[in-house]
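File shown here: run-v1.pdb, holding PDB, C-alpha atoms, pLDDT in the B column.
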```
MODEL        1
ATOM      1  CA  ALA A   1      75.501  92.751  -9.648  1.00 84.00           C
ATOM      2  CA  GLN A   2      72.104  93.680  -8.324  1.00 88.00           C
ATOM      3  CA  SER A   3      70.126  92.234  -5.446  1.00 94.00           C
ATOM      4  CA  VAL A   4      66.742  92.864  -3.882  1.00 97.00           C
ATOM      5  CA  THR A   5      65.711  92.123  -0.328  1.00 97.00           C
ATOM      6  CA  GLN A   6      62.118  91.838   0.776  1.00 97.00           C
ATOM      7  CA  LEU A   7      62.385  91.387   4.493  1.00 91.00           C
ATOM      8  CA  ASP A   8      58.855  90.149   5.109  1.00 95.00           C
ATOM      9  CA  SER A   9      57.767  86.885   3.526  1.00 96.00           C
ATOM     10  CA  GLN A  10      54.215  87.263   4.840  1.00 97.00           C
ATOM     11  CA  VAL A  11      52.248  90.284   6.003  1.00 97.00           C
ATOM     12  CA  PRO A  12      48.816  89.708   7.560  1.00 97.00           C
ATOM     13  CA  VAL A  13      46.634  92.785   7.908  1.00 98.00           C
ATOM     14  CA  PHE A  14      43.004  93.549   8.619  1.00 98.00           C
ATOM     15  CA  GLU A  15      40.834  95.100   5.945  1.00 97.00           C
ATOM     16  CA  GLU A  16      40.894  98.924   5.895  1.00 97.00           C
ATOM     17  CA  ALA A  17      44.164  98.996   7.845  1.00 98.00           C
ATOM     18  CA  PRO A  18      47.324 100.558   6.366  1.00 98.00           C
ATOM     19  CA  VAL A  19      50.161  98.379   5.118  1.00 98.00           C
ATOM     20  CA  GLU A  20      53.802  98.763   4.173  1.00 97.00           C
ATOM     21  CA  LEU A  21      55.762  96.155   2.227  1.00 98.00           C
ATOM     22  CA  ARG A  22      59.481  96.716   2.499  1.00 97.00           C
ATOM     23  CA  CYS A  23      62.014  96.505  -0.312  1.00 97.00           C
ATOM     24  CA  ASN A  24      65.726  97.268  -0.243  1.00 97.00           C
ATOM     25  CA  TYR A  25      68.088  96.923  -3.156  1.00 95.00           C
ATOM     26  CA  SER A  26      71.764  97.051  -3.935  1.00 92.00           C
ATOM     27  CA  SER A  27      73.364  97.864  -7.239  1.00 87.00           C
ATOM     28  CA  SER A  28      76.620  99.194  -8.583  1.00 80.00           C
ATOM     29  CA  VAL A  29      74.883 100.858 -11.534  1.00 81.00           C
ATOM     30  CA  SER A  30      71.783 102.952 -12.089  1.00 80.00           C
ATOM     31  CA  VAL A  31      68.641 100.913 -11.734  1.00 82.00           C
ATOM     32  CA  TYR A  32      64.987 101.202 -12.410  1.00 92.00           C
ATOM     33  CA  LEU A  33      62.574  99.957  -9.765  1.00 94.00           C
ATOM     34  CA  PHE A  34      59.272  98.135 -10.026  1.00 96.00           C
ATOM     35  CA  TRP A  35      56.593  96.529  -7.938  1.00 97.00           C
ATOM     36  CA  TYR A  36      54.692  93.623  -9.468  1.00 97.00           C
ATOM     37  CA  VAL A  37      51.639  91.845  -8.047  1.00 97.00           C
ATOM     38  CA  GLN A  38      50.753  88.223  -8.707  1.00 97.00           C
ATOM     39  CA  TYR A  39      47.297  86.851  -7.990  1.00 95.00           C
ATOM     40  CA  PRO A  40      46.795  83.071  -7.753  1.00 90.00           C
ATOM     41  CA  ASN A  41      47.105  81.255 -11.083  1.00 87.00           C
ATOM     42  CA  GLN A  42      48.045  84.416 -12.916  1.00 91.00           C
ATOM     43  CA  GLY A  43      51.138  86.102 -14.276  1.00 93.00           C
ATOM     44  CA  LEU A  44      52.768  89.206 -12.860  1.00 96.00           C
ATOM     45  CA  GLN A  45      51.023  92.546 -13.214  1.00 95.00           C
ATOM     46  CA  LEU A  46      52.954  95.801 -13.078  1.00 95.00           C
ATOM     47  CA  LEU A  47      51.830  97.814 -10.067  1.00 96.00           C
ATOM     48  CA  LEU A  48      54.322 100.695  -9.943  1.00 94.00           C
ATOM     49  CA  LYS A  49      57.451 101.852 -11.658  1.00 93.00           C
ATOM     50  CA  TYR A  50      60.211 104.301 -10.870  1.00 91.00           C
ATOM     51  CA  LEU A  51      62.278 105.306 -13.880  1.00 88.00           C
ATOM     52  CA  SER A  52      63.188 108.910 -13.064  1.00 84.00           C
ATOM     53  CA  GLY A  53      61.683 112.145 -11.803  1.00 84.00           C
ATOM     54  CA  SER A  54      59.483 112.316  -8.721  1.00 85.00           C
ATOM     55  CA  THR A  55      60.558 109.841  -6.079  1.00 88.00           C
ATOM     56  CA  LEU A  56      56.946 109.198  -5.055  1.00 89.00           C
ATOM     57  CA  VAL A  57      55.029 107.073  -7.520  1.00 89.00           C
ATOM     58  CA  GLU A  58      51.383 106.121  -7.312  1.00 88.00           C
ATOM     59  CA  SER A  59      49.178 103.461  -8.840  1.00 89.00           C
ATOM     60  CA  ILE A  60      45.543 103.744  -9.867  1.00 81.00           C
ATOM     61  CA  ASN A  61      44.372 101.429  -7.090  1.00 88.00           C
ATOM     62  CA  GLY A  62      45.742 103.378  -4.146  1.00 93.00           C
ATOM     63  CA  PHE A  63      49.240 101.944  -3.742  1.00 96.00           C
ATOM     64  CA  GLU A  64      52.258 104.212  -3.627  1.00 96.00           C
ATOM     65  CA  ALA A  65      55.997 103.712  -3.344  1.00 96.00           C
ATOM     66  CA  GLU A  66      58.824 106.076  -2.572  1.00 94.00           C
ATOM     67  CA  PHE A  67      62.290 105.761  -4.022  1.00 93.00           C
ATOM     68  CA  ASN A  68      64.890 106.588  -1.381  1.00 93.00           C
ATOM     69  CA  LYS A  69      68.349 106.580  -2.898  1.00 90.00           C
ATOM     70  CA  SER A  70      70.243 107.185   0.341  1.00 91.00           C
ATOM     71  CA  GLN A  71      68.532 104.254   2.033  1.00 92.00           C
ATOM     72  CA  THR A  72      68.397 102.187  -1.190  1.00 93.00           C
ATOM     73  CA  SER A  73      64.746 101.459  -0.532  1.00 95.00           C
ATOM     74  CA  PHE A  74      61.528 101.349  -2.497  1.00 96.00           C
ATOM     75  CA  HIS A  75      58.838 100.508   0.052  1.00 97.00           C
ATOM     76  CA  LEU A  76      55.253  99.941  -1.031  1.00 97.00           C
ATOM     77  CA  ARG A  77      52.397 101.455   0.980  1.00 97.00           C
ATOM     78  CA  LYS A  78      48.634 101.584   0.956  1.00 97.00           C
ATOM     79  CA  PRO A  79      46.658 103.594   3.504  1.00 97.00           C
ATOM     80  CA  SER A  80      43.648 101.260   3.518  1.00 97.00           C
ATOM     81  CA  VAL A  81      43.739  97.718   2.125  1.00 97.00           C
ATOM     82  CA  HIS A  82      40.883  95.724   0.678  1.00 96.00           C
ATOM     83  CA  ILE A  83      40.320  91.988   0.726  1.00 96.00           C
ATOM     84  CA  SER A  84      41.022  91.956  -3.018  1.00 95.00           C
ATOM     85  CA  ASP A  85      44.604  93.132  -2.372  1.00 97.00           C
ATOM     86  CA  THR A  86      45.451  89.659  -1.093  1.00 97.00           C
ATOM     87  CA  ALA A  87      48.259  88.523  -3.398  1.00 97.00           C
ATOM     88  CA  GLU A  88      52.007  88.018  -3.744  1.00 98.00           C
ATOM     89  CA  TYR A  89      53.997  91.208  -4.242  1.00 98.00           C
ATOM     90  CA  PHE A  90      57.424  91.268  -5.880  1.00 98.00           C
ATOM     91  CA  CYS A  91      59.878  94.134  -5.816  1.00 98.00           C
ATOM     92  CA  ALA A  92      62.316  94.182  -8.721  1.00 96.00           C
ATOM     93  CA  VAL A  93      65.267  96.167 -10.013  1.00 94.00           C
ATOM     94  CA  SER A  94      66.042  96.441 -13.683  1.00 92.00           C
ATOM     95  CA  VAL A  95      69.271  97.090 -15.503  1.00 90.00           C
ATOM     96  CA  VAL A  96      69.523  97.864 -19.176  1.00 90.00           C
ATOM     97  CA  LEU A  97      71.171  95.217 -21.335  1.00 89.00           C
ATOM     98  CA  THR A  98      73.702  96.315 -23.927  1.00 88.00           C
ATOM     99  CA  GLY A  99      72.099  94.005 -26.463  1.00 83.00           C
ATOM    100  CA  GLY A 100      68.644  95.480 -25.877  1.00 86.00           C
ATOM    101  CA  GLY A 101      65.911  94.898 -23.348  1.00 90.00           C
ATOM    102  CA  ASN A 102      66.520  94.788 -19.632  1.00 91.00           C
ATOM    103  CA  LYS A 103      67.164  92.268 -16.889  1.00 92.00           C
ATOM    104  CA  LEU A 104      64.925  92.075 -13.849  1.00 94.00           C
ATOM    105  CA  THR A 105      66.212  90.923 -10.490  1.00 94.00           C
ATOM    106  CA  PHE A 106      63.349  90.023  -8.179  1.00 97.00           C
ATOM    107  CA  GLY A 107      63.064  89.932  -4.437  1.00 97.00           C
ATOM    108  CA  THR A 108      61.764  86.767  -2.824  1.00 97.00           C
ATOM    109  CA  GLY A 109      58.261  88.185  -2.617  1.00 98.00           C
ATOM    110  CA  THR A 110      55.851  89.193   0.156  1.00 98.00           C
ATOM    111  CA  GLN A 111      52.534  87.436   0.597  1.00 98.00           C
ATOM    112  CA  LEU A 112      49.972  90.050   1.643  1.00 97.00           C
ATOM    113  CA  LYS A 113      46.980  88.470   3.329  1.00 97.00           C
ATOM    114  CA  VAL A 114      44.072  90.760   4.064  1.00 97.00           C
ATOM    115  CA  GLU A 115      41.670  89.490   6.690  1.00 96.00           C
ATOM    116  CA  LEU A 116      38.152  90.590   7.577  1.00 92.00           C
TER     117      LEU A 116
ATOM    118  CA  ASP R   1      43.085  91.252 -19.853  1.00 51.00           C
ATOM    119  CA  THR R   2      46.762  90.621 -20.404  1.00 62.00           C
ATOM    120  CA  GLU R   3      48.382  91.987 -23.560  1.00 91.00           C
ATOM    121  CA  VAL R   4      50.836  89.097 -23.699  1.00 96.00           C
ATOM    122  CA  THR R   5      49.070  85.884 -24.660  1.00 97.00           C
ATOM    123  CA  GLN R   6      50.477  82.491 -23.777  1.00 97.00           C
ATOM    124  CA  THR R   7      49.249  79.125 -24.993  1.00 97.00           C
ATOM    125  CA  PRO R   8      48.498  76.564 -23.790  1.00 97.00           C
ATOM    126  CA  LYS R   9      47.484  77.537 -20.236  1.00 96.00           C
ATOM    127  CA  HIS R  10      48.176  74.035 -18.975  1.00 97.00           C
ATOM    128  CA  LEU R  11      50.370  71.272 -20.355  1.00 96.00           C
ATOM    129  CA  VAL R  12      51.018  67.776 -19.098  1.00 95.00           C
ATOM    130  CA  MET R  13      53.719  65.805 -20.851  1.00 93.00           C
ATOM    131  CA  GLY R  14      55.856  62.736 -20.409  1.00 91.00           C
ATOM    132  CA  MET R  15      59.616  62.857 -20.235  1.00 89.00           C
ATOM    133  CA  THR R  16      59.983  61.589 -23.800  1.00 89.00           C
ATOM    134  CA  ASN R  17      57.510  63.986 -25.404  1.00 90.00           C
ATOM    135  CA  LYS R  18      58.216  67.036 -27.531  1.00 95.00           C
ATOM    136  CA  LYS R  19      55.993  70.042 -27.068  1.00 96.00           C
ATOM    137  CA  SER R  20      56.108  73.803 -27.590  1.00 97.00           C
ATOM    138  CA  LEU R  21      54.951  76.808 -25.603  1.00 98.00           C
ATOM    139  CA  LYS R  22      53.799  79.860 -27.510  1.00 98.00           C
ATOM    140  CA  CYS R  23      53.841  83.544 -26.602  1.00 98.00           C
ATOM    141  CA  GLU R  24      52.397  86.411 -28.623  1.00 98.00           C
ATOM    142  CA  GLN R  25      52.325  90.184 -28.150  1.00 96.00           C
ATOM    143  CA  HIS R  26      51.048  92.949 -30.411  1.00 91.00           C
ATOM    144  CA  MET R  27      52.325  95.959 -28.508  1.00 93.00           C
ATOM    145  CA  GLY R  28      55.272  96.522 -30.835  1.00 92.00           C
ATOM    146  CA  HIS R  29      57.720  95.472 -28.139  1.00 93.00           C
ATOM    147  CA  ARG R  30      61.161  94.497 -29.415  1.00 93.00           C
ATOM    148  CA  ALA R  31      62.410  92.568 -26.401  1.00 95.00           C
ATOM    149  CA  MET R  32      60.855  89.306 -25.255  1.00 96.00           C
ATOM    150  CA  TYR R  33      61.670  87.038 -22.336  1.00 97.00           C
ATOM    151  CA  TRP R  34      61.100  83.555 -20.958  1.00 98.00           C
ATOM    152  CA  TYR R  35      60.968  82.920 -17.206  1.00 98.00           C
ATOM    153  CA  LYS R  36      60.500  79.838 -15.074  1.00 98.00           C
ATOM    154  CA  GLN R  37      58.644  80.176 -11.782  1.00 98.00           C
ATOM    155  CA  LYS R  38      58.425  77.494  -9.096  1.00 97.00           C
ATOM    156  CA  ALA R  39      55.752  77.648  -6.429  1.00 94.00           C
ATOM    157  CA  LYS R  40      56.208  80.449  -3.877  1.00 90.00           C
ATOM    158  CA  LYS R  41      59.372  81.655  -5.620  1.00 95.00           C
ATOM    159  CA  PRO R  42      60.122  84.656  -7.829  1.00 97.00           C
ATOM    160  CA  PRO R  43      60.460  84.176 -11.582  1.00 97.00           C
ATOM    161  CA  GLU R  44      63.876  83.101 -12.857  1.00 97.00           C
ATOM    162  CA  LEU R  45      65.069  84.482 -16.158  1.00 97.00           C
ATOM    163  CA  MET R  46      65.798  81.869 -18.828  1.00 98.00           C
ATOM    164  CA  PHE R  47      66.187  83.708 -22.154  1.00 97.00           C
ATOM    165  CA  VAL R  48      66.141  87.233 -23.568  1.00 96.00           C
ATOM    166  CA  TYR R  49      65.448  88.068 -27.197  1.00 96.00           C
ATOM    167  CA  SER R  50      66.089  91.537 -28.557  1.00 93.00           C
ATOM    168  CA  TYR R  51      65.089  92.411 -32.101  1.00 93.00           C
ATOM    169  CA  GLU R  52      64.457  88.713 -32.739  1.00 94.00           C
ATOM    170  CA  LYS R  53      67.975  87.695 -31.740  1.00 94.00           C
ATOM    171  CA  LEU R  54      68.905  85.722 -28.665  1.00 95.00           C
ATOM    172  CA  SER R  55      70.872  88.029 -26.402  1.00 93.00           C
ATOM    173  CA  ILE R  56      70.875  86.144 -23.099  1.00 93.00           C
ATOM    174  CA  ASN R  57      70.762  82.459 -22.228  1.00 94.00           C
ATOM    175  CA  GLU R  58      70.984  82.024 -18.461  1.00 95.00           C
ATOM    176  CA  SER R  59      72.748  78.655 -18.708  1.00 94.00           C
ATOM    177  CA  VAL R  60      69.487  76.900 -19.457  1.00 96.00           C
ATOM    178  CA  PRO R  61      69.719  73.152 -20.259  1.00 96.00           C
ATOM    179  CA  SER R  62      69.528  72.333 -23.954  1.00 96.00           C
ATOM    180  CA  ARG R  63      66.258  70.450 -23.483  1.00 96.00           C
ATOM    181  CA  PHE R  64      64.745  73.964 -23.587  1.00 97.00           C
ATOM    182  CA  SER R  65      65.084  75.551 -27.027  1.00 97.00           C
ATOM    183  CA  PRO R  66      63.781  79.081 -27.651  1.00 98.00           C
ATOM    184  CA  GLU R  67      62.758  80.482 -31.000  1.00 97.00           C
ATOM    185  CA  CYS R  68      61.667  83.936 -32.141  1.00 96.00           C
ATOM    186  CA  PRO R  69      60.057  83.600 -35.604  1.00 95.00           C
ATOM    187  CA  ASN R  70      59.137  87.293 -35.755  1.00 93.00           C
ATOM    188  CA  SER R  71      58.879  90.357 -33.546  1.00 90.00           C
ATOM    189  CA  SER R  72      55.475  89.337 -32.158  1.00 95.00           C
ATOM    190  CA  LEU R  73      56.049  85.654 -31.462  1.00 97.00           C
ATOM    191  CA  LEU R  74      58.216  83.724 -29.062  1.00 98.00           C
ATOM    192  CA  ASN R  75      58.262  79.954 -28.756  1.00 98.00           C
ATOM    193  CA  LEU R  76      59.839  77.604 -26.256  1.00 98.00           C
ATOM    194  CA  HIS R  77      60.436  74.090 -27.573  1.00 98.00           C
ATOM    195  CA  LEU R  78      60.555  71.347 -24.968  1.00 96.00           C
ATOM    196  CA  HIS R  79      62.145  67.929 -25.326  1.00 94.00           C
ATOM    197  CA  ALA R  80      63.092  65.209 -22.861  1.00 93.00           C
ATOM    198  CA  LEU R  81      62.155  67.249 -19.825  1.00 94.00           C
ATOM    199  CA  GLN R  82      62.680  66.116 -16.246  1.00 95.00           C
ATOM    200  CA  PRO R  83      60.156  66.130 -13.382  1.00 94.00           C
ATOM    201  CA  GLU R  84      61.980  69.085 -11.802  1.00 95.00           C
ATOM    202  CA  ASP R  85      61.092  71.124 -14.893  1.00 97.00           C
ATOM    203  CA  SER R  86      57.481  71.203 -13.722  1.00 97.00           C
ATOM    204  CA  ALA R  87      56.737  74.896 -13.129  1.00 97.00           C
ATOM    205  CA  LEU R  88      54.896  77.961 -14.380  1.00 97.00           C
ATOM    206  CA  TYR R  89      56.556  79.303 -17.527  1.00 98.00           C
ATOM    207  CA  LEU R  90      56.069  83.003 -18.045  1.00 98.00           C
ATOM    208  CA  CYS R  91      56.634  85.077 -21.133  1.00 98.00           C
ATOM    209  CA  ALA R  92      57.197  88.827 -20.995  1.00 97.00           C
ATOM    210  CA  SER R  93      57.889  91.671 -23.397  1.00 97.00           C
ATOM    211  CA  SER R  94      59.159  95.222 -23.107  1.00 95.00           C
ATOM    212  CA  GLN R  95      59.174  98.233 -25.371  1.00 89.00           C
ATOM    213  CA  ASP R  96      62.556  99.717 -24.739  1.00 73.00           C
ATOM    214  CA  ARG R  97      65.578  99.157 -22.617  1.00 79.00           C
ATOM    215  CA  ALA R  98      64.322 100.942 -19.513  1.00 82.00           C
ATOM    216  CA  GLN R  99      60.624 100.247 -19.888  1.00 88.00           C
ATOM    217  CA  PRO R 100      58.871  97.703 -17.663  1.00 92.00           C
ATOM    218  CA  GLN R 101      58.247  94.160 -18.750  1.00 95.00           C
ATOM    219  CA  HIS R 102      54.674  93.035 -19.349  1.00 96.00           C
ATOM    220  CA  PHE R 103      53.901  89.442 -18.434  1.00 97.00           C
ATOM    221  CA  GLY R 104      51.516  86.849 -19.773  1.00 96.00           C
ATOM    222  CA  ASP R 105      49.511  84.570 -17.494  1.00 95.00           C
ATOM    223  CA  GLY R 106      51.883  81.704 -18.102  1.00 97.00           C
ATOM    224  CA  THR R 107      51.761  78.046 -19.008  1.00 97.00           C
ATOM    225  CA  ARG R 108      51.586  75.629 -16.108  1.00 97.00           C
ATOM    226  CA  LEU R 109      53.720  72.663 -17.106  1.00 97.00           C
ATOM    227  CA  SER R 110      53.620  69.280 -15.421  1.00 96.00           C
ATOM    228  CA  ILE R 111      56.114  66.549 -16.307  1.00 94.00           C
ATOM    229  CA  LEU R 112      55.028  63.016 -15.544  1.00 90.00           C
TER     230      LEU R 112
ENDMDL
END
```
Take the structure from the file and write it as structure tokens.
Amino acid sequence: AQSVTQLDSQVPVFEEAPVELRCNYSSSVSVYLFWYVQYPNQGLQLLLKYLSGSTLVESINGFEAEFNKSQTSFHLRKPSVHISDTAEYFCAVSVVLTGGGNKLTFGTGTQLKVEL
Amino acid sequence: DTEVTQTPKHLVMGMTNKKSLKCEQHMGHRAMYWYKQKAKKPPELMFVYSYEKLSINESVPSRFSPECPNSSLLNLHLHALQPEDSALYLCASSQDRAQPQHFGDGTRLSIL
């Protein structure tokens, strides 16, 4: 079975400050890792994915995450946040299903609140 | 703009009504999913369809009935729902086994 822990339910931060949202996972099989962002009254948008290869993955809007297998972590970072980054962030692990598709296990989410 | 389209965006229904939620994607994805999300909680998987066949049912009550008419469409038929079924219902699709899921904006369902 897989599980995901997001230790911080809320993270307040001032605009232009750096931020780190923590994510730890456990799994007995190989997993794929994702960060999703959810803005109010919207669905989930894929922010980052780690499938294989380089352990540091970057998004187009300045976020990055590093896959650390020894620490079973996939923390999300941004060096300078903007007010528009205020949203709920979900870390998720994915396992492939034998019948096709995959199953996502989500963390409980971290509410990032950027203040002026 | 999301590439997974869900209709309607909002739905209010009584406990005796029958209604359907619709999900459509034209990305050629062969796996499609239904999730239920309560406020301030992560999405909970309900059903997985792969190549138009139901592959996972996460012990969902029978008042929820999924249907996959073709590879681009996914429906969720609702009947005799309870107030605790009020939630955001999200549809997602994915291209291949390891590829990420893409989500629609959801249908916000309220049961009176």
**Prompt:** Quick one: which residues from chain R are at most 7 Å off chain A, using all atoms listed in the file, as a VMD selection string?
**Reply:** chain R and resid 31 41 to 42 50 55 90 94 96 to 98 103 to 106
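The residue that comes closest to A:Thr72, out of A:Val37, A:Pro18, A:Val93, A:Val114 and on the basis of all atoms listed in the file, is A:Val93.
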**Request:** Could you tell me which residues the PyMOL selection byres ((chain R and resi 88) around 6) returns for this structure, as a ChimeraX atom specification?
**Result:** /R:36-37,87,89,107-108
**Message:** Could you tell me how far atom CA of A:Ser84 sits from atom CA of A:Lys113, in Å to one decimal place?
**Reply:**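 Rounded to one decimal, the two atoms are 9.4 Å apart.
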**Asked** Hey, what's within 7 Å of R:Leu45 if we count all atoms listed in the file and toss same-chain stuff fewer than 5 positions away? As a PyMOL selection string, please?
**Response** chain R and resi 34-36+58
Counting all atoms listed in the file, what is within 7 Å of A:Phe74, bar same-chain residues fewer than 3 positions away, as a PDB file with C-alpha atoms, in the frame of the given file?
```
ATOM      1  CA  CYS A  23      62.014  96.505  -0.312  1.00 97.00           C
ATOM      2  CA  ASN A  24      65.726  97.268  -0.243  1.00 97.00           C
ATOM      3  CA  ALA A  65      55.997 103.712  -3.344  1.00 96.00           C
ATOM      4  CA  GLU A  66      58.824 106.076  -2.572  1.00 94.00           C
ATOM      5  CA  PHE A  67      62.290 105.761  -4.022  1.00 93.00           C
ATOM      6  CA  ASN A  68      64.890 106.588  -1.381  1.00 93.00           C
TER       7      ASN A  68
END
```
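What the PyMOL selection byres ((chain R and resi 75) around 7) picks from this file is Ser20, Leu21, Lys22, Cys23, Pro66, Glu67, Cys68, Leu73, Leu74, Leu76 and His77 of chain R.
Counting only C-alpha atoms and comparing R:Lys38, R:Arg30, R:His79, R:Lys9, the residue that lies closest to R:Glu52 is R:Arg30.
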**Asked** Can you tell me, as a PyMOL selection string, what residues are no more than 10 Å from A:Asn61 when counting only C-alpha atoms, ignoring any on the same chain fewer than 5 positions away?
**Response** chain A and resi 47+78+81+85
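In this model, the gap between atom CA of A:His82 and atom CA of A:Glu58 comes to 16.8 Å.
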**Message:** Which residues, named as in the file, does the PyMOL selection byres ((chain R and resi 80) around 10) pick out? Answer as a PyMOL selection string.
**Reply:** chain R and resi 13-19+62-64+78-79+81-83+111
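In this structure, atom CA of R:Gln95 sits 13.1 Å away from atom CA of R:Val48.
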**Message:** Can you tell me which residues surround R:Val60 at a distance of at most 10 Å, considering all atoms listed in the file, apart from same-chain residues fewer than 5 positions away, and format the answer as a ChimeraX atom specification?
**Reply:** /R:45-47,65
